[in-house]
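Listing of upload_2.txt, compact mmCIF, C-alpha atoms
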# COMPACT_ATOMS: atom_id res chain seq x y z
CA MET A 1 -38.50 -24.33 -41.67
CA ILE A 2 -39.13 -22.01 -38.70
CA ARG A 3 -38.64 -23.38 -35.19
CA TYR A 4 -38.83 -21.82 -31.74
CA LEU A 5 -36.10 -22.44 -29.18
CA LYS A 6 -38.04 -20.25 -26.75
CA ARG A 7 -41.62 -18.94 -26.75
CA GLY A 8 -43.38 -16.15 -24.87
CA ALA A 9 -46.73 -15.85 -23.09
CA SER A 10 -49.94 -17.01 -24.76
CA ALA A 11 -52.40 -14.61 -26.36
CA ALA A 12 -55.13 -15.79 -23.97
CA SER A 13 -53.23 -14.77 -20.84
CA LEU A 14 -52.48 -11.35 -22.31
CA ALA A 15 -56.17 -10.81 -23.20
CA GLU A 16 -57.25 -11.59 -19.62
CA ALA A 17 -54.90 -8.94 -18.24
CA ASP A 18 -56.15 -6.40 -20.80
CA ALA A 19 -59.76 -6.91 -19.68
CA LYS A 20 -58.93 -6.00 -16.09
CA VAL A 21 -57.14 -2.85 -17.21
CA ARG A 22 -60.09 -1.77 -19.37
CA HIS A 23 -62.51 -2.01 -16.48
CA THR A 24 -60.27 0.03 -14.15
CA VAL A 25 -59.69 2.77 -16.71
CA GLU A 26 -63.41 3.10 -17.54
CA GLY A 27 -64.20 3.88 -13.92
CA ILE A 28 -61.44 6.47 -13.57
CA LEU A 29 -62.45 8.30 -16.74
CA LYS A 30 -66.11 8.49 -15.69
CA ASP A 31 -65.12 9.80 -12.26
CA ILE A 32 -62.85 12.50 -13.66
CA GLU A 33 -65.47 13.60 -16.18
CA ALA A 34 -67.97 14.00 -13.36
CA SER A 35 -65.73 15.50 -10.66
CA GLY A 36 -62.87 17.20 -12.50
CA ASP A 37 -59.91 18.36 -10.42
CA ASP A 38 -61.25 16.74 -7.25
CA ALA A 39 -61.11 13.29 -8.86
CA VAL A 40 -57.72 14.00 -10.45
CA ARG A 41 -56.30 14.90 -7.04
CA ARG A 42 -57.84 11.84 -5.43
CA TYR A 43 -56.27 9.46 -7.95
CA SER A 44 -52.94 11.27 -7.77
CA GLN A 45 -52.93 10.72 -4.02
CA GLN A 46 -53.97 7.09 -4.42
CA PHE A 47 -51.55 6.03 -7.13
CA ASP A 48 -48.59 8.39 -6.77
CA GLN A 49 -48.91 9.71 -3.21
CA TRP A 50 -48.70 13.15 -4.83
CA ASP A 51 -50.81 16.06 -3.58
CA PRO A 52 -49.22 19.42 -4.45
CA ALA A 53 -50.94 22.77 -4.07
CA ASP A 54 -50.98 23.04 -7.87
CA PHE A 55 -50.23 20.34 -10.45
CA THR A 56 -49.00 23.02 -12.86
CA LEU A 57 -45.39 24.09 -12.33
CA SER A 58 -44.75 27.80 -11.97
CA GLN A 59 -42.01 29.54 -13.92
CA ALA A 60 -39.99 29.74 -10.72
CA ALA A 61 -40.35 25.99 -10.16
CA ILE A 62 -39.24 25.32 -13.74
CA GLU A 63 -36.18 27.52 -13.33
CA SER A 64 -35.38 25.78 -10.05
CA ALA A 65 -35.53 22.38 -11.76
CA VAL A 66 -33.18 23.50 -14.52
CA LYS A 67 -30.67 24.77 -11.95
CA GLN A 68 -30.50 21.30 -10.37
CA LEU A 69 -28.83 19.90 -13.49
CA SER A 70 -25.12 20.01 -14.19
CA PRO A 71 -23.74 21.82 -17.27
CA ARG A 72 -23.01 18.44 -18.90
CA GLU A 73 -26.55 17.20 -18.28
CA LEU A 74 -27.98 20.36 -19.79
CA GLU A 75 -25.61 20.08 -22.74
CA ASP A 76 -26.65 16.48 -23.40
CA ILE A 77 -30.36 17.36 -23.29
CA ARG A 78 -29.76 20.22 -25.71
CA PHE A 79 -27.73 17.94 -28.02
CA ALA A 80 -30.54 15.39 -28.17
CA GLN A 81 -33.14 18.09 -28.80
CA THR A 82 -31.06 19.60 -31.58
CA GLN A 83 -31.00 16.25 -33.38
CA VAL A 84 -34.73 15.65 -32.91
CA ARG A 85 -35.61 19.22 -33.93
CA ASN A 86 -33.42 19.05 -37.01
CA PHE A 87 -34.93 15.82 -38.33
CA ALA A 88 -38.47 16.93 -37.47
CA GLN A 89 -37.91 20.19 -39.38
CA ILE A 90 -36.62 18.25 -42.39
CA GLN A 91 -39.77 16.15 -42.27
CA ARG A 92 -41.97 19.24 -41.95
CA ASP A 93 -40.25 20.87 -44.92
CA SER A 94 -41.08 17.80 -47.02
CA MET A 95 -44.81 18.43 -46.54
CA LYS A 96 -45.89 20.90 -49.18
CA ASP A 97 -49.19 22.69 -49.65
CA VAL A 98 -50.72 21.96 -53.06
CA GLU A 99 -52.86 24.01 -55.44
CA VAL A 100 -53.48 22.93 -59.05
CA GLU A 101 -55.95 23.67 -61.86
CA THR A 102 -57.02 20.10 -62.58
CA LEU A 103 -59.50 21.07 -65.29
CA PRO A 104 -60.02 24.43 -67.00
CA GLY A 105 -61.57 26.66 -64.35
CA VAL A 106 -61.38 24.04 -61.56
CA VAL A 107 -58.82 24.58 -58.81
CA LEU A 108 -58.13 21.93 -56.15
CA GLY A 109 -55.69 22.15 -53.29
CA HIS A 110 -54.72 21.07 -49.83
CA LYS A 111 -53.22 22.82 -46.84
CA HIS A 112 -51.26 21.35 -43.95
CA ILE A 113 -52.79 22.79 -40.77
CA PRO A 114 -51.33 22.07 -37.31
CA VAL A 115 -53.57 20.77 -34.54
CA ASN A 116 -54.37 23.64 -32.14
CA ALA A 117 -53.68 21.99 -28.78
CA VAL A 118 -51.80 18.82 -27.84
CA GLY A 119 -51.22 17.01 -24.55
CA CYS A 120 -47.91 15.17 -24.24
CA TYR A 121 -47.53 12.36 -21.72
CA VAL A 122 -43.97 11.65 -20.57
CA PRO A 123 -43.50 8.46 -18.52
CA GLY A 124 -41.49 9.03 -15.37
CA GLY A 125 -42.68 6.93 -12.47
CA LYS A 126 -40.33 3.95 -12.85
CA TYR A 127 -37.79 5.40 -15.29
CA PRO A 128 -37.64 9.15 -16.02
CA LEU A 129 -38.01 9.00 -19.81
CA ILE A 130 -36.47 12.37 -20.58
CA ALA A 131 -36.33 11.63 -24.29
CA SER A 132 -40.11 11.37 -24.53
CA ALA A 133 -40.28 15.12 -23.92
CA HIS A 134 -38.17 15.75 -27.00
CA MET A 135 -40.12 13.31 -29.11
CA SER A 136 -43.55 14.72 -28.27
CA VAL A 137 -43.33 18.34 -27.15
CA LEU A 138 -40.57 19.42 -29.48
CA THR A 139 -42.00 17.62 -32.50
CA ALA A 140 -45.41 19.20 -31.89
CA LYS A 141 -43.82 22.63 -31.75
CA VAL A 142 -41.92 22.06 -35.00
CA ALA A 143 -45.26 21.10 -36.56
CA GLY A 144 -46.66 24.47 -35.47
CA VAL A 145 -48.93 23.44 -32.59
CA SER A 146 -49.74 26.63 -30.71
CA ARG A 147 -50.54 25.14 -27.26
CA VAL A 148 -48.70 22.14 -25.85
CA VAL A 149 -49.44 20.77 -22.38
CA ALA A 150 -46.76 18.39 -21.09
CA THR A 151 -47.13 16.12 -18.10
CA ALA A 152 -45.06 13.54 -16.23
CA PRO A 153 -45.66 11.78 -12.92
CA PRO A 154 -43.56 12.67 -9.88
CA TYR A 155 -40.34 10.74 -9.56
CA GLN A 156 -39.50 9.65 -6.02
CA GLY A 157 -41.87 12.23 -4.63
CA ALA A 158 -40.89 15.28 -6.66
CA PRO A 159 -40.81 16.66 -10.20
CA HIS A 160 -37.90 15.10 -12.06
CA PRO A 161 -35.60 18.04 -12.89
CA ALA A 162 -34.31 16.62 -16.18
CA ILE A 163 -37.82 15.89 -17.47
CA VAL A 164 -38.94 19.39 -16.49
CA ALA A 165 -35.91 20.92 -18.19
CA ALA A 166 -36.49 18.89 -21.34
CA MET A 167 -40.17 19.89 -21.49
CA HIS A 168 -39.22 23.53 -20.94
CA PHE A 169 -36.46 23.59 -23.56
CA ALA A 170 -38.76 21.82 -26.02
CA GLY A 171 -41.30 24.63 -25.72
CA ALA A 172 -44.11 23.31 -23.51
CA ASP A 173 -46.69 25.99 -22.73
CA GLN A 174 -47.92 24.29 -19.55
CA ILE A 175 -46.03 21.71 -17.49
CA LEU A 176 -47.93 19.42 -15.14
CA VAL A 177 -46.52 17.05 -12.55
CA LEU A 178 -49.22 14.43 -12.85
CA GLY A 179 -49.19 10.82 -13.96
CA GLY A 180 -51.31 7.90 -15.04
CA VAL A 181 -54.88 7.81 -16.29
CA GLN A 182 -55.67 10.92 -14.29
CA ALA A 183 -53.15 12.94 -16.30
CA VAL A 184 -54.41 11.72 -19.66
CA ALA A 185 -58.02 12.30 -18.63
CA ALA A 186 -57.33 15.82 -17.33
CA MET A 187 -55.80 16.84 -20.65
CA ALA A 188 -58.34 15.08 -22.88
CA ILE A 189 -61.54 15.83 -20.96
CA GLY A 190 -60.48 19.10 -19.35
CA THR A 191 -60.89 20.15 -15.72
CA GLN A 192 -61.15 23.39 -13.80
CA SER A 193 -57.35 23.84 -13.99
CA VAL A 194 -56.46 22.13 -17.29
CA LYS A 195 -58.06 23.26 -20.53
CA ALA A 196 -58.89 20.32 -22.80
CA VAL A 197 -56.59 19.57 -25.74
CA ASP A 198 -57.38 18.20 -29.19
CA MET A 199 -54.85 15.38 -29.24
CA ILE A 200 -52.95 13.17 -26.76
CA VAL A 201 -49.55 11.69 -27.57
CA GLY A 202 -46.75 9.87 -25.83
CA PRO A 203 -45.98 6.41 -24.46
CA GLY A 204 -47.02 5.06 -21.08
CA ASN A 205 -47.90 1.97 -19.12
CA MET A 206 -50.89 -0.28 -19.87
CA PHE A 207 -53.28 2.04 -18.01
CA VAL A 208 -52.13 5.13 -19.92
CA ALA A 209 -52.37 3.24 -23.21
CA GLU A 210 -55.88 2.04 -22.37
CA ALA A 211 -56.96 5.56 -21.39
CA LYS A 212 -55.83 6.83 -24.78
CA ARG A 213 -57.70 4.01 -26.50
CA GLN A 214 -60.94 4.80 -24.68
CA LEU A 215 -60.62 8.53 -25.29
CA TYR A 216 -59.81 8.16 -28.98
CA GLY A 217 -62.50 9.89 -31.01
CA ARG A 218 -63.08 12.45 -28.30
CA VAL A 219 -59.50 13.48 -28.97
CA GLY A 220 -56.95 12.36 -31.49
CA ILE A 221 -54.04 10.18 -30.45
CA ASP A 222 -50.68 9.33 -31.94
CA LEU A 223 -51.20 5.55 -31.97
CA PHE A 224 -52.42 2.61 -29.92
CA ALA A 225 -49.43 1.50 -27.88
CA GLY A 226 -48.71 -1.61 -25.87
CA PRO A 227 -45.50 -2.68 -24.12
CA THR A 228 -42.38 -1.72 -26.05
CA GLU A 229 -41.04 -4.43 -28.37
CA THR A 230 -37.70 -5.31 -29.87
CA LEU A 231 -36.80 -7.75 -32.63
CA LEU A 232 -33.22 -8.66 -33.52
CA ILE A 233 -32.64 -10.08 -36.98
CA ALA A 234 -29.16 -11.56 -36.83
CA ASP A 235 -26.82 -13.92 -38.64
CA ASP A 236 -23.43 -15.30 -37.64
CA SER A 237 -21.70 -12.05 -38.57
CA VAL A 238 -22.39 -10.97 -34.96
CA ASP A 239 -21.98 -12.72 -31.63
CA GLY A 240 -24.13 -13.73 -28.70
CA GLU A 241 -22.83 -10.94 -26.47
CA MET A 242 -24.10 -8.18 -28.77
CA CYS A 243 -27.44 -9.92 -29.27
CA ALA A 244 -27.92 -10.42 -25.53
CA VAL A 245 -27.00 -6.81 -24.73
CA ASP A 246 -29.48 -5.49 -27.29
CA LEU A 247 -32.28 -7.83 -26.17
CA LEU A 248 -31.87 -7.05 -22.47
CA GLY A 249 -31.40 -3.35 -23.20
CA GLN A 250 -35.08 -3.29 -24.18
CA ALA A 251 -36.37 -6.01 -21.85
CA GLU A 252 -35.57 -3.73 -18.90
CA HIS A 253 -38.45 -1.46 -19.94
CA GLY A 254 -40.96 -3.62 -18.10
CA PRO A 255 -42.00 -7.16 -17.22
CA THR A 256 -44.31 -7.45 -20.24
CA THR A 257 -41.78 -6.33 -22.86
CA PRO A 258 -41.31 -8.78 -25.75
CA ALA A 259 -37.68 -9.27 -26.82
CA VAL A 260 -37.22 -11.57 -29.81
CA LEU A 261 -34.19 -12.98 -31.60
CA LEU A 262 -34.75 -14.09 -35.20
CA THR A 263 -31.75 -15.81 -36.76
CA ASN A 264 -30.63 -18.34 -39.35
CA SER A 265 -27.82 -19.54 -37.06
CA GLU A 266 -28.79 -22.03 -34.37
CA GLN A 267 -25.33 -21.63 -32.86
CA LEU A 268 -25.89 -17.87 -32.47
CA ALA A 269 -29.31 -18.55 -30.97
CA ARG A 270 -27.91 -20.87 -28.32
CA ASP A 271 -24.94 -18.58 -27.64
CA THR A 272 -27.32 -15.67 -27.13
CA MET A 273 -29.52 -17.57 -24.70
CA LYS A 274 -26.47 -18.51 -22.62
CA GLU A 275 -25.19 -14.94 -22.75
CA VAL A 276 -28.56 -13.57 -21.63
CA GLU A 277 -28.38 -15.72 -18.50
CA ARG A 278 -24.82 -14.57 -17.81
CA GLN A 279 -25.66 -10.89 -18.23
CA LEU A 280 -28.75 -11.18 -16.04
CA LEU A 281 -26.46 -12.02 -13.14
CA LYS A 282 -24.88 -8.55 -13.27
CA LEU A 283 -27.39 -6.22 -14.98
CA PRO A 284 -28.64 -3.61 -12.45
CA THR A 285 -32.14 -3.83 -13.94
CA ALA A 286 -32.14 -7.63 -14.05
CA GLY A 287 -35.16 -7.85 -11.75
CA ILE A 288 -37.38 -6.43 -14.49
CA ALA A 289 -35.44 -7.69 -17.50
CA ARG A 290 -35.53 -11.30 -16.28
CA GLN A 291 -39.31 -11.19 -15.89
CA ALA A 292 -39.68 -9.86 -19.43
CA TRP A 293 -37.24 -12.38 -20.90
CA GLU A 294 -38.73 -15.38 -19.14
CA ALA A 295 -42.36 -14.49 -19.90
CA HIS A 296 -42.09 -12.75 -23.27
CA GLY A 297 -38.66 -13.48 -24.74
CA GLU A 298 -38.52 -15.59 -27.89
CA VAL A 299 -35.77 -17.19 -29.96
CA ILE A 300 -36.72 -18.18 -33.50
CA VAL A 301 -34.42 -20.07 -35.88
CA CYS A 302 -34.99 -20.03 -39.64
CA ASP A 303 -33.24 -21.94 -42.40
CA THR A 304 -33.08 -19.13 -44.95
CA ILE A 305 -32.92 -15.35 -45.14
CA GLU A 306 -36.25 -15.40 -47.02
CA GLU A 307 -37.88 -17.11 -44.04
CA MET A 308 -36.37 -14.49 -41.75
CA LEU A 309 -37.85 -11.71 -43.89
CA ALA A 310 -41.30 -13.30 -43.95
CA GLN A 311 -41.27 -13.93 -40.20
CA ALA A 312 -40.07 -10.38 -39.45
CA ASP A 313 -42.92 -8.89 -41.50
CA GLU A 314 -45.37 -11.20 -39.72
CA LEU A 315 -44.13 -10.04 -36.30
CA ALA A 316 -44.38 -6.36 -37.36
CA SER A 317 -42.29 -5.32 -34.38
CA GLU A 318 -41.85 -1.84 -32.98
CA HIS A 319 -38.04 -1.80 -32.99
CA VAL A 320 -36.17 -3.97 -35.49
CA GLN A 321 -32.40 -4.27 -35.31
CA VAL A 322 -30.79 -5.82 -38.36
CA LEU A 323 -27.45 -7.36 -37.42
CA THR A 324 -26.63 -9.14 -40.66
CA ARG A 325 -24.00 -9.01 -43.38
CA ASP A 326 -26.44 -7.21 -45.68
CA PRO A 327 -28.84 -5.03 -43.67
CA ASP A 328 -30.03 -3.34 -46.86
CA TYR A 329 -31.72 -6.60 -47.89
CA PHE A 330 -34.23 -5.98 -45.10
CA LEU A 331 -34.39 -2.20 -45.60
CA GLN A 332 -35.40 -2.74 -49.23
CA ARG A 333 -37.88 -5.55 -48.61
CA MET A 334 -39.46 -5.23 -45.15
CA THR A 335 -42.85 -3.56 -45.03
CA ASN A 336 -44.00 -3.96 -41.40
CA TYR A 337 -41.92 -2.29 -38.69
CA GLY A 338 -41.90 0.75 -36.44
CA ALA A 339 -38.26 1.69 -37.00
CA LEU A 340 -35.22 -0.08 -38.43
CA PHE A 341 -31.76 0.03 -36.88
CA LEU A 342 -29.34 -1.13 -39.52
CA GLY A 343 -25.99 -2.74 -38.76
CA PRO A 344 -24.03 -3.37 -35.55
CA ARG A 345 -22.95 0.26 -35.15
CA THR A 346 -26.45 1.41 -34.28
CA ASN A 347 -29.04 0.15 -31.81
CA VAL A 348 -32.47 0.91 -30.37
CA ALA A 349 -31.04 3.02 -27.55
CA PHE A 350 -29.54 5.47 -30.06
CA GLY A 351 -32.96 5.97 -31.65
CA GLY A 352 -34.70 6.08 -28.31
CA LYS A 353 -32.53 8.79 -26.82
CA CYS A 354 -30.67 11.11 -29.13
CA ILE A 355 -29.98 10.18 -32.75
CA GLY A 356 -32.88 12.31 -34.03
CA THR A 357 -35.66 9.96 -35.15
CA ASN A 358 -38.80 9.69 -33.04
CA HIS A 359 -39.06 6.87 -30.50
CA THR A 360 -42.87 6.75 -30.17
CA LEU A 361 -43.60 3.80 -32.43
CA PRO A 362 -46.37 1.27 -33.19
CA THR A 363 -46.62 -1.97 -31.17
CA ASN A 364 -48.99 -4.97 -31.19
CA LYS A 365 -48.48 -5.45 -34.93
CA ASN A 366 -49.90 -1.98 -35.61
CA ALA A 367 -46.89 -1.40 -37.87
CA ARG A 368 -48.95 -3.22 -40.50
CA TYR A 369 -50.92 -0.01 -41.03
CA THR A 370 -49.15 2.93 -39.37
CA GLY A 371 -45.75 4.39 -38.77
CA GLY A 372 -44.69 6.11 -35.57
CA LEU A 373 -45.04 9.61 -34.21
CA TRP A 374 -43.59 12.27 -36.47
CA VAL A 375 -44.23 15.88 -37.28
CA GLY A 376 -46.97 14.91 -39.74
CA LYS A 377 -49.08 13.33 -36.96
CA PHE A 378 -49.68 16.81 -35.56
CA ILE A 379 -50.87 18.14 -38.90
CA LYS A 380 -54.25 17.90 -40.61
CA THR A 381 -54.12 17.78 -44.40
CA CYS A 382 -57.28 19.62 -45.42
CA THR A 383 -58.52 19.99 -48.98
CA TYR A 384 -60.29 22.89 -50.67
CA GLN A 385 -61.79 23.52 -54.08
CA ARG A 386 -62.69 26.54 -56.17
CA VAL A 387 -64.58 26.78 -59.49
CA LEU A 388 -63.52 29.87 -61.42
CA THR A 389 -65.76 30.02 -64.51
CA ASP A 390 -69.44 29.67 -65.41
CA GLU A 391 -68.58 27.08 -68.03
CA ALA A 392 -66.68 24.90 -65.51
CA SER A 393 -69.48 25.11 -62.95
CA ALA A 394 -72.12 24.08 -65.51
CA ALA A 395 -69.97 21.24 -66.85
CA ILE A 396 -69.22 19.76 -63.43
CA GLY A 397 -72.85 20.37 -62.44
CA ALA A 398 -74.20 18.33 -65.32
CA VAL A 399 -72.08 15.29 -64.46
CA CYS A 400 -72.77 15.67 -60.75
CA SER A 401 -76.54 15.87 -61.34
CA ARG A 402 -76.59 12.57 -63.23
CA LEU A 403 -74.45 10.84 -60.58
CA CYS A 404 -76.78 12.11 -57.82
CA HIS A 405 -79.76 10.74 -59.74
CA MET A 406 -78.12 7.28 -59.83
CA GLU A 407 -77.77 7.45 -56.04
CA ASN A 408 -81.30 8.79 -55.44
CA PHE A 409 -79.95 11.94 -53.77
CA ALA A 410 -82.47 14.53 -54.97
CA GLY A 411 -81.22 17.34 -52.74
CA HIS A 412 -77.64 16.79 -53.82
CA GLY A 413 -78.79 16.77 -57.42
CA GLU A 414 -80.56 20.08 -57.01
CA GLN A 415 -77.32 21.65 -55.77
CA ALA A 416 -75.82 20.67 -59.10
CA ASN A 417 -78.91 21.57 -61.18
CA LEU A 418 -78.99 25.09 -59.77
CA ARG A 419 -75.47 25.69 -61.08
CA VAL A 420 -76.37 24.30 -64.50
CA ARG A 421 -79.43 26.58 -64.74
CA ARG A 422 -77.66 29.62 -63.38
CA TYR A 423 -74.32 29.37 -65.16
CA GLY A 424 -75.35 28.05 -68.57
CA ASN A 425 -76.56 25.03 -70.49
CA GLN A 426 -74.55 21.84 -70.46
CA PRO A 427 -71.39 22.48 -72.41
CA ASP A 428 -69.71 20.09 -74.78
CA LEU A 429 -67.76 17.80 -72.43
CA ALA A 430 -65.28 17.03 -75.21
CA TRP A 431 -63.89 20.47 -74.40
CA TYR A 432 -63.45 19.42 -70.82
CA GLU A 433 -59.98 17.87 -70.84
CA PRO A 434 -57.58 17.91 -67.90
CA VAL A 435 -55.07 20.71 -67.97
CA ALA A 436 -51.35 19.95 -68.15
CA ALA A 437 -50.77 20.69 -64.45
CA ALA A 438 -52.83 17.64 -63.48
CA ASN A 439 -50.61 15.25 -65.44
Is it possible to give me this structure as structure tokens?
Amino acid sequence: MIRYLKRGASAASLAEADAKVRHTVEGILKDIEASGDDAVRRYSQQFDQWDPADFTLSQAAIESAVKQLSPRELEDIRFAQTQVRNFAQIQRDSMKDVEVETLPGVVLGHKHIPVNAVGCYVPGGKYPLIASAHMSVLTAKVAGVSRVVATAPPYQGAPHPAIVAAMHFAGADQILVLGGVQAVAAMAIGTQSVKAVDMIVGPGNMFVAEAKRQLYGRVGIDLFAGPTETLLIADDSVDGEMCAVDLLGQAEHGPTTPAVLLTNSEQLARDTMKEVERQLLKLPTAGIARQAWEAHGEVIVCDTIEEMLAQADELASEHVQVLTRDPDYFLQRMTNYGALFLGPRTNVAFGGKCIGTNHTLPTNKNARYTGGLWVGKFIKTCTYQRVLTDEASAAIGAVCSRLCHMENFAGHGEQANLRVRRYGNQPDLAWYEPVAAAN
């Protein structure tokens, strides 16, 4: 039996808030499409009180930002980027081009082709999310993207030096200090000063996420993202302190962040709830974390590990920490999650900042059908085909002609018939067996 000791906000209240965001974003996008840089500047002034001479940072400004960081800060950024680059390169190396003779004289293949231009949004208004520069810019570059535009809002009235440094080290070709819908629109639609890109990636607030949703189709996106989510699957092998730390460590992202404990120990559930209240009295970000916990935190108690597995797959959470005696049980059986963090020695913060995996992950149960951002998201897998012999062209043509006739596609059929007439009469299809390479 599954029972809730604490529940979050209703779906109806969340839908009402989404409708207001959609309306606001529609108006901004239309304005920027009509007025370009003038509208971008107007919204930057309105929302961020930011009105620089140029939203694009010069090389001198980039170098100045880097010089503001200490040697240790630079070393830590480089460490994180080394881990992300290394894993992204391993992923890229796993993607192989293919070419095979599937039938005698018929060659099929695919190539992995990088997207030409990508815009990377790095959140930075409330928290300067330095790691998002590694996850987006650097991963795109490992994929082979030739032009990467990176943007982040001003932080306390200026470019954040660590974000700028991270974008620069990751290989960004253009760095903007621009936030919100106006930044996403500038990159996706294009303005007088920002050439349009082919794809937009990166996390952001509800307005950024909605802008990406509305622009999808005009440009590609990484995924549809809502507020970040965390799910802890725990048994009594861990304690309430660890569970509370890991729940609040994600709840501080924002007031709409779901943080959920799923356990088969009611004692652990109650200990965790008490510990959350204790930690909220001293956590520096408690103002935000408390809002998230009170409105969107949940505590779910199950009787069995099988119920925990079924409930976890139903939730399809973005981040899933498995704090149990046998984390591999969930690794081997779970199918719906953004990323797994297995055992008490790891946590979501490791993955979010520096361990090497990508932290841009599916939310809102989107993990049912997609994984997160990775090097493959920046790559188009495109097929090609080549027929080498007259006999193969006539043989395929004969079958194709009959199939076109069944579908009433006369023009398609004539494409096939021409090859049959030109390259020979219908051959004996008994000859036409797959070659060994196709097995």
Best match for closeness to A:Gly220 among A:Ala259, A:Val98, A:Ala53, A:Ile379, counting only C-alpha atoms: A:Ile379
Within 9 Å of A:Val25 using all atoms listed in the file, minus same-chain residues under 6 positions, as a list in words: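 These residues fall inside the cut-off: Val181, Phe207, Val208, Glu210, Ala211 and Gln214 of chain A.
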Output the selection as a PDB file, in the frame of the given file - C-alpha atoms for each residue.
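File out31.pdb, as written:
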ATOM      1  CA  VAL A 181     -54.880   7.810 -16.290  1.00  0.00           C
ATOM      2  CA  PHE A 207     -53.280   2.040 -18.010  1.00  0.00           C
ATOM      3  CA  VAL A 208     -52.130   5.130 -19.920  1.00  0.00           C
ATOM      4  CA  GLU A 210     -55.880   2.040 -22.370  1.00  0.00           C
ATOM      5  CA  ALA A 211     -56.960   5.560 -21.390  1.00  0.00           C
ATOM      6  CA  GLN A 214     -60.940   4.800 -24.680  1.00  0.00           C
TER       7      GLN A 214
END
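Of the residues under consideration (A:Phe55, A:Tyr127, A:Phe330, A:Trp50), A:Tyr127 shows the shortest atom-to-atom contact distance to A:Thr285 when counting only C-alpha atoms.
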Best match for closeness to A:Thr272 among A:Glu101, A:Val322, A:Leu5, A:Leu373, counting only C-alpha atoms: A:Leu5
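Comparing the minimum interatomic distances between A:Asp97 and each of A:His296, A:Arg270, A:His359, A:Lys380, counting only C-alpha atoms, we find that A:Lys380 sits nearest.
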Contacts of A:Gly226 within 12 Å, all atoms listed in the file, excl. fewer than 5 positions in-chain, as a list in words: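 Using all atoms listed in the file, the neighbours found are Leu14, Asp18, Gly202, Pro203, Gly204, Asn205, Met206, Phe207, Val208, Ala209, Glu210, Ala211, Lys212, Arg213, His253, Gly254, Thr256, Thr257, Pro258, Ser317, Glu318, Thr360, Leu361, Pro362, Thr363, Asn364, Lys365 and Asn366 of chain A.
Counting from atom CA of A:Ala150, the distance to atom CA of A:Ser35 is 21.8 Å.
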Nearest residue to A:Val40 from the set A:Ser64, A:Ile189, A:His110, A:Ala117 (distances using all atoms listed in the file):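 Selected residue with least distance to A:Val40: A:Ile189.
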